[in-house]
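Please read the structure below before turning to the comments.
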Amino acid sequence: MVSTIVTKRDGWEIQRVQKVEGFPWEELRPQAPPFDRRAIGEIARLYQVTIIPKNPGKFGWFVFFRLDEDLPFPLSMTRGNITFLDPNLAFASYVNGLVSKGEIAVNDRLAVNDPVLREYLDRLAVEGLLSIANGTADSLRFIPVSDELGFASAVEEELVVNSHFFLMDSSDLDSPFCTLGSPYGLSVHQGLVELPPLNERPALFVNKAGETWIDVPRLSDLKIEVDGIPLEGEIYTRSGGRSTPPSDNQEIVIVGRRVVGVSTGGNTIIPMAGFVVTVDEPVEIHEGIVTYTGYEDILFAIQVGPSMMDEGRI
């Protein structure tokens with residue numbers, strides 16, 4: 001395998017890409033590093049040092065957190081017409097609701113009316129599971145961090161490169177089903193769909209015969225199952241609008257290979273890294289494990305964004 005950095009200059013513009021040759025497709029695979037709680041502090045530092053200083057008046061206080069099974073917090077998983085399957089999302093909905101009621105505020109630090117909750121947040125901070133960044137705007141928001149956020153340095157391979165987009169900007173986290181660090185875009189390895197296609201962007205495909213091509217995959221190409229049961233219904237993604245239309249049907253919210261919530265009544269805000277399926281008949285969700293079939297002949301596929309052009313060629 002040969003890795004080369006290729007640099008092209010056009011006036012003041014510089015394009016630099018990494019070119020890798022001489023590897024078998026069978027050895028190329030997506031690899032998510034394990035969750036590392038240190039990433040929470042690094043995200044807060046990134047916001048404090050790089051993002052917020054660009055426009056301090058635009059940003060208020062951000063509380064980045066991740067719950068731990070060893071630090072449970074008694075909490076209802078149902079909030080209004082939404083039942084969450086991820087306790088981090090339920091907790092974020094709960095505490096952000098308290099913020100809107102004025103029961104959590106900021107002066108020079110977090111002011112929490114509930115002493116039990118205040119002690120719990122302090123414990124998360126001590127365990128490295130909560131970190132804060134702040135600008136000067138009068139706002140406060142709790143943001144859950146994905147359990148898929150780690151460090152590439154934790155992956156021990158001959159060559160490791162970044163691949164997928166993931167939710168990072170606070171403006172992208174505008175639904176109650178979003179977690180910072182969630183990757184999105186098609187990822188297939190040995191016929192297994194690890195992430196579904198989103199946003200109708202081009203993807204690189206390699207089949208098991210070694211043939212390669214670029215195509216625009218869609219969710220409609222795949223069959224979706226939840227807990228082994230086929231899921232039939234109307235699919236809504238962010239490319240079609242911010243929320244689903246009013247409906248009396250059950251709506252199943254999916255991010256990656258997990259059901260993260262179930263809602264009723266329509267007007268469900270669609271997660272940026274996922275989609276919503278509206279079903280005519282209610283579906284009983286158990287583990288909420290999602291599988292996709294339809295790409296069994298695909299050896300490798302990845303969808304990360306707009307395609308690159310070189311002298312008119314993709």
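Lettering and numbering for the structure tokens are positional, with chains as A, B, ... in the shown order, residues counted from 1 in each chain, and ligands counted from 1 in the shown order.
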- Item | Long-range neighbours of A:Glu284 as a VMD selection string, 10 Å cut-off, only C-alpha atoms, 3 positions minimum in chain | chain A and resid 226 to 227 229 262 281 287 to 288
- Query: Near A:Met272, counting only C-alpha atoms, which residues have an atom at most 7 Å away, once you skip same-chain residues fewer than 2 positions from it, shown as a PyMOL selection string?
  - Reply: chain A and resi 172+238+270+274
- So how far away is atom CA of A:Val2 from atom CA of A:Leu159, in Å?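 These two atoms are separated by 10.1 Å.
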Residues of stretch 109-180 of chain A that approach stretch 88-94 of chain A to 8 Å or less, counting only C-alpha atoms: could you list each one with the shortest pair of atoms and its distance in Å to one decimal, rows by chain and increasing residue number, as a Markdown table?
| residue | atom | partner | partner_atom | distance |
| --- | --- | --- | --- | --- |
| A:Phe142 | CA | A:Ala92 | CA | 5.9 |
| A:Ile143 | CA | A:Ala92 | CA | 6.6 |
| A:Pro144 | CA | A:Asn88 | CA | 6.1 |
| A:Pro176 | CA | A:Leu89 | CA | 6.6 |
| A:Phe177 | CA | A:Leu89 | CA | 6.3 |
| A:Cys178 | CA | A:Leu89 | CA | 7.7 |
| A:Thr179 | CA | A:Leu89 | CA | 7.7 |
For the residues in that selection, give me C-alpha atoms as an mmCIF file, in the first residue's frame.
data_model
loop_
_atom_site.group_PDB
_atom_site.id
_atom_site.type_symbol
_atom_site.label_atom_id
_atom_site.label_comp_id
_atom_site.auth_asym_id
_atom_site.auth_seq_id
_atom_site.Cartn_x
_atom_site.Cartn_y
_atom_site.Cartn_z
ATOM 1 C CA PHE A 142 -27.777 20.821 27.486
ATOM 2 C CA ILE A 143 -26.380 18.790 24.565
ATOM 3 C CA PRO A 144 -26.043 14.987 24.736
ATOM 4 C CA PRO A 176 -34.832 16.201 20.475
ATOM 5 C CA PHE A 177 -33.345 13.109 18.796
ATOM 6 C CA CYS A 178 -29.903 14.529 17.955
ATOM 7 C CA THR A 179 -26.654 13.766 19.764
#
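Put simply, atom CA of A:Gly256 is 25.3 Å away from atom CA of A:Phe73.
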- Message: So that I can check the secondary structure, give me every residue of stretch 26-212 of chain A assigned strand (DSSP E) by backbone DSSP, as number ranges by chain.
- Response: A: 61-65, 78-79, 82-84, 104-106, 110-112, 130-134, 140-144, 165-166, 183-184, 187-189, 192-195, 203-207, 212
Keeping N, CA and C atoms, export the residues of the selection given above as a short mmCIF file (atom, residue, chain, number, x, y, z; two decimals), in the first residue's frame.
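Output file out-v1.cif follows:
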data_model
loop_
_atom_site.label_atom_id
_atom_site.label_comp_id
_atom_site.auth_asym_id
_atom_site.auth_seq_id
_atom_site.Cartn_x
_atom_site.Cartn_y
_atom_site.Cartn_z
N TRP A 61 -24.50 29.39 26.88
CA TRP A 61 -23.84 28.30 27.60
C TRP A 61 -24.24 26.96 26.99
N PHE A 62 -23.24 26.13 26.77
CA PHE A 62 -23.47 24.77 26.30
C PHE A 62 -22.98 23.80 27.38
N VAL A 63 -23.83 22.88 27.76
CA VAL A 63 -23.45 21.84 28.71
C VAL A 63 -23.44 20.51 27.96
N PHE A 64 -22.25 20.02 27.67
CA PHE A 64 -22.09 18.75 26.95
C PHE A 64 -22.03 17.62 27.97
N PHE A 65 -22.78 16.55 27.72
CA PHE A 65 -22.82 15.48 28.72
C PHE A 65 -23.07 14.13 28.06
N THR A 78 -40.80 9.08 28.84
CA THR A 78 -41.84 9.71 28.03
C THR A 78 -41.95 11.18 28.39
N ARG A 79 -41.87 12.02 27.35
CA ARG A 79 -41.98 13.46 27.51
C ARG A 79 -43.01 13.95 26.51
N ILE A 82 -43.75 12.06 23.08
CA ILE A 82 -42.55 11.34 22.65
C ILE A 82 -42.12 10.35 23.73
N THR A 83 -41.86 9.12 23.32
CA THR A 83 -41.22 8.14 24.20
C THR A 83 -39.82 7.90 23.68
N PHE A 84 -38.82 8.21 24.49
CA PHE A 84 -37.43 8.04 24.09
C PHE A 84 -36.96 6.63 24.42
N ILE A 104 -33.35 25.98 35.95
CA ILE A 104 -31.90 25.91 35.77
C ILE A 104 -31.50 27.18 35.04
N ALA A 105 -30.52 27.87 35.56
CA ALA A 105 -30.08 29.13 34.96
C ALA A 105 -28.57 29.25 35.13
N VAL A 106 -28.02 30.35 34.62
CA VAL A 106 -26.59 30.60 34.76
C VAL A 106 -26.36 32.03 35.21
N LEU A 110 -23.60 27.28 36.76
CA LEU A 110 -24.94 26.71 36.69
C LEU A 110 -25.65 26.88 38.03
N ALA A 111 -26.89 27.33 37.97
CA ALA A 111 -27.72 27.43 39.17
C ALA A 111 -28.90 26.49 38.99
N VAL A 112 -28.93 25.43 39.79
CA VAL A 112 -29.95 24.38 39.66
C VAL A 112 -30.80 24.36 40.93
N LEU A 130 -19.35 15.47 31.90
CA LEU A 130 -20.02 16.74 31.68
C LEU A 130 -18.97 17.84 31.61
N SER A 131 -19.09 18.68 30.59
CA SER A 131 -18.16 19.79 30.43
C SER A 131 -18.90 20.96 29.81
N ILE A 132 -18.46 22.17 30.13
CA ILE A 132 -19.20 23.38 29.76
C ILE A 132 -18.34 24.30 28.90
N ALA A 133 -18.97 24.91 27.90
CA ALA A 133 -18.37 26.00 27.13
C ALA A 133 -19.39 27.13 27.10
N ASN A 134 -18.93 28.37 27.08
CA ASN A 134 -19.91 29.46 27.12
C ASN A 134 -19.45 30.69 26.36
N LEU A 140 -28.97 28.92 27.55
CA LEU A 140 -28.38 27.74 28.18
C LEU A 140 -28.98 26.51 27.51
N ARG A 141 -28.11 25.59 27.14
CA ARG A 141 -28.59 24.38 26.47
C ARG A 141 -27.76 23.18 26.87
N PHE A 142 -28.43 22.10 27.21
CA PHE A 142 -27.78 20.82 27.49
C PHE A 142 -27.74 20.01 26.19
N ILE A 143 -26.56 19.52 25.82
CA ILE A 143 -26.38 18.79 24.56
C ILE A 143 -25.82 17.40 24.86
N PRO A 144 -26.57 16.34 24.54
CA PRO A 144 -26.04 14.99 24.74
C PRO A 144 -24.98 14.66 23.70
N PHE A 165 -19.21 12.50 7.77
CA PHE A 165 -19.66 13.68 8.48
C PHE A 165 -20.28 13.22 9.79
N PHE A 166 -20.28 14.10 10.78
CA PHE A 166 -21.00 13.82 12.01
C PHE A 166 -21.53 15.13 12.57
N PRO A 183 -22.47 10.03 13.53
CA PRO A 183 -22.09 10.00 12.12
C PRO A 183 -23.31 9.75 11.25
N TYR A 184 -23.24 10.18 10.00
CA TYR A 184 -24.36 9.92 9.09
C TYR A 184 -23.85 9.81 7.66
N SER A 187 -22.77 3.62 4.92
CA SER A 187 -21.56 2.85 5.19
C SER A 187 -21.91 1.38 5.09
N VAL A 188 -21.23 0.67 4.17
CA VAL A 188 -21.47 -0.76 3.97
C VAL A 188 -20.15 -1.49 4.03
N HIS A 189 -20.13 -2.62 4.74
CA HIS A 189 -18.94 -3.46 4.81
C HIS A 189 -19.36 -4.92 4.71
N LEU A 192 -23.03 -5.72 4.92
CA LEU A 192 -23.74 -5.23 6.09
C LEU A 192 -23.85 -3.71 6.04
N VAL A 193 -25.06 -3.20 6.09
CA VAL A 193 -25.27 -1.75 6.12
C VAL A 193 -25.08 -1.27 7.55
N GLU A 194 -23.98 -0.58 7.79
CA GLU A 194 -23.69 -0.08 9.13
C GLU A 194 -24.34 1.27 9.38
N LEU A 195 -24.48 2.07 8.30
CA LEU A 195 -25.22 3.32 8.37
C LEU A 195 -26.03 3.45 7.09
N ALA A 203 -22.20 8.34 -3.49
CA ALA A 203 -21.47 7.36 -2.67
C ALA A 203 -20.60 6.50 -3.58
N LEU A 204 -19.50 6.04 -3.04
CA LEU A 204 -18.61 5.11 -3.74
C LEU A 204 -19.04 3.69 -3.40
N PHE A 205 -19.27 2.87 -4.44
CA PHE A 205 -19.67 1.48 -4.27
C PHE A 205 -18.60 0.55 -4.83
N VAL A 206 -18.37 -0.56 -4.15
CA VAL A 206 -17.52 -1.64 -4.64
C VAL A 206 -18.28 -2.94 -4.40
N ASN A 207 -18.54 -3.70 -5.47
CA ASN A 207 -19.24 -4.96 -5.26
C ASN A 207 -18.25 -6.10 -5.03
N THR A 212 -16.33 -1.07 -9.36
CA THR A 212 -16.53 0.16 -8.61
C THR A 212 -17.37 1.14 -9.42
#
- Identify, on the basis of only C-alpha atoms, every residue whose closest approach to A:Gly128 does not exceed 9 Å; exclude the query and any residue fewer than 5 positions from it along the same chain; express the result as a list of chain:residue names.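 Contacts, in chain order: A:Arg37, A:Arg38, A:Ile40, A:Gly41, A:Phe65, A:Arg123.
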Can you list, as a PDB file with N, CA and C atoms, in the first residue's frame, every residue of stretch 10-98 of chain A that DSSP puts in alpha helix (DSSP H)?
ATOM      1  N   ARG A  38     -13.155  11.374  27.469  1.00  0.00           N
ATOM      2  CA  ARG A  38     -12.308  12.555  27.298  1.00  0.00           C
ATOM      3  C   ARG A  38     -12.752  13.401  26.117  1.00  0.00           C
ATOM      4  N   ALA A  39     -13.479  12.774  25.186  1.00  0.00           N
ATOM      5  CA  ALA A  39     -13.964  13.516  24.023  1.00  0.00           C
ATOM      6  C   ALA A  39     -14.942  14.614  24.428  1.00  0.00           C
ATOM      7  N   ILE A  40     -15.649  14.423  25.538  1.00  0.00           N
ATOM      8  CA  ILE A  40     -16.595  15.442  25.990  1.00  0.00           C
ATOM      9  C   ILE A  40     -15.853  16.727  26.338  1.00  0.00           C
ATOM     10  N   GLY A  41     -14.766  16.595  27.090  1.00  0.00           N
ATOM     11  CA  GLY A  41     -13.963  17.763  27.423  1.00  0.00           C
ATOM     12  C   GLY A  41     -13.322  18.390  26.205  1.00  0.00           C
ATOM     13  N   GLU A  42     -12.918  17.560  25.243  1.00  0.00           N
ATOM     14  CA  GLU A  42     -12.299  18.087  24.028  1.00  0.00           C
ATOM     15  C   GLU A  42     -13.318  18.840  23.173  1.00  0.00           C
ATOM     16  N   ILE A  43     -14.555  18.360  23.151  1.00  0.00           N
ATOM     17  CA  ILE A  43     -15.605  19.076  22.424  1.00  0.00           C
ATOM     18  C   ILE A  43     -15.841  20.442  23.063  1.00  0.00           C
ATOM     19  N   ALA A  44     -15.928  20.472  24.390  1.00  0.00           N
ATOM     20  CA  ALA A  44     -16.119  21.746  25.084  1.00  0.00           C
ATOM     21  C   ALA A  44     -14.951  22.689  24.816  1.00  0.00           C
ATOM     22  N   ARG A  45     -13.736  22.143  24.819  1.00  0.00           N
ATOM     23  CA  ARG A  45     -12.557  22.977  24.548  1.00  0.00           C
ATOM     24  C   ARG A  45     -12.596  23.515  23.118  1.00  0.00           C
ATOM     25  N   LEU A  46     -12.998  22.666  22.161  1.00  0.00           N
ATOM     26  CA  LEU A  46     -13.098  23.104  20.770  1.00  0.00           C
ATOM     27  C   LEU A  46     -14.083  24.261  20.634  1.00  0.00           C
ATOM     28  N   PRO A  87     -31.776   7.077  27.035  1.00  0.00           N
ATOM     29  CA  PRO A  87     -31.900   7.894  28.245  1.00  0.00           C
ATOM     30  C   PRO A  87     -31.200   9.242  28.139  1.00  0.00           C
ATOM     31  N   ASN A  88     -30.167   9.344  27.305  1.00  0.00           N
ATOM     32  CA  ASN A  88     -29.491  10.630  27.131  1.00  0.00           C
ATOM     33  C   ASN A  88     -30.414  11.653  26.490  1.00  0.00           C
ATOM     34  N   LEU A  89     -31.219  11.208  25.521  1.00  0.00           N
ATOM     35  CA  LEU A  89     -32.176  12.107  24.887  1.00  0.00           C
ATOM     36  C   LEU A  89     -33.283  12.491  25.861  1.00  0.00           C
ATOM     37  N   ALA A  90     -33.742  11.517  26.648  1.00  0.00           N
ATOM     38  CA  ALA A  90     -34.776  11.807  27.640  1.00  0.00           C
ATOM     39  C   ALA A  90     -34.266  12.801  28.681  1.00  0.00           C
ATOM     40  N   PHE A  91     -33.018  12.623  29.109  1.00  0.00           N
ATOM     41  CA  PHE A  91     -32.433  13.519  30.107  1.00  0.00           C
ATOM     42  C   PHE A  91     -32.275  14.923  29.537  1.00  0.00           C
ATOM     43  N   ALA A  92     -31.813  15.021  28.285  1.00  0.00           N
ATOM     44  CA  ALA A  92     -31.658  16.331  27.650  1.00  0.00           C
ATOM     45  C   ALA A  92     -33.001  17.042  27.547  1.00  0.00           C
ATOM     46  N   SER A  93     -34.047  16.295  27.164  1.00  0.00           N
ATOM     47  CA  SER A  93     -35.376  16.890  27.072  1.00  0.00           C
ATOM     48  C   SER A  93     -35.848  17.384  28.442  1.00  0.00           C
ATOM     49  N   TYR A  94     -35.555  16.595  29.468  1.00  0.00           N
ATOM     50  CA  TYR A  94     -35.970  16.948  30.829  1.00  0.00           C
ATOM     51  C   TYR A  94     -35.271  18.214  31.321  1.00  0.00           C
ATOM     52  N   VAL A  95     -33.951  18.247  31.239  1.00  0.00           N
ATOM     53  CA  VAL A  95     -33.224  19.393  31.797  1.00  0.00           C
ATOM     54  C   VAL A  95     -33.420  20.646  30.945  1.00  0.00           C
ATOM     55  N   ASN A  96     -33.531  20.501  29.632  1.00  0.00           N
ATOM     56  CA  ASN A  96     -33.795  21.682  28.805  1.00  0.00           C
ATOM     57  C   ASN A  96     -35.197  22.225  29.076  1.00  0.00           C
ATOM     58  N   GLY A  97     -36.122  21.327  29.446  1.00  0.00           N
ATOM     59  CA  GLY A  97     -37.437  21.786  29.879  1.00  0.00           C
ATOM     60  C   GLY A  97     -37.353  22.594  31.162  1.00  0.00           C
ATOM     61  N   LEU A  98     -36.490  22.175  32.083  1.00  0.00           N
ATOM     62  CA  LEU A  98     -36.281  22.933  33.321  1.00  0.00           C
ATOM     63  C   LEU A  98     -35.652  24.291  33.030  1.00  0.00           C
TER      64      LEU A  98
END
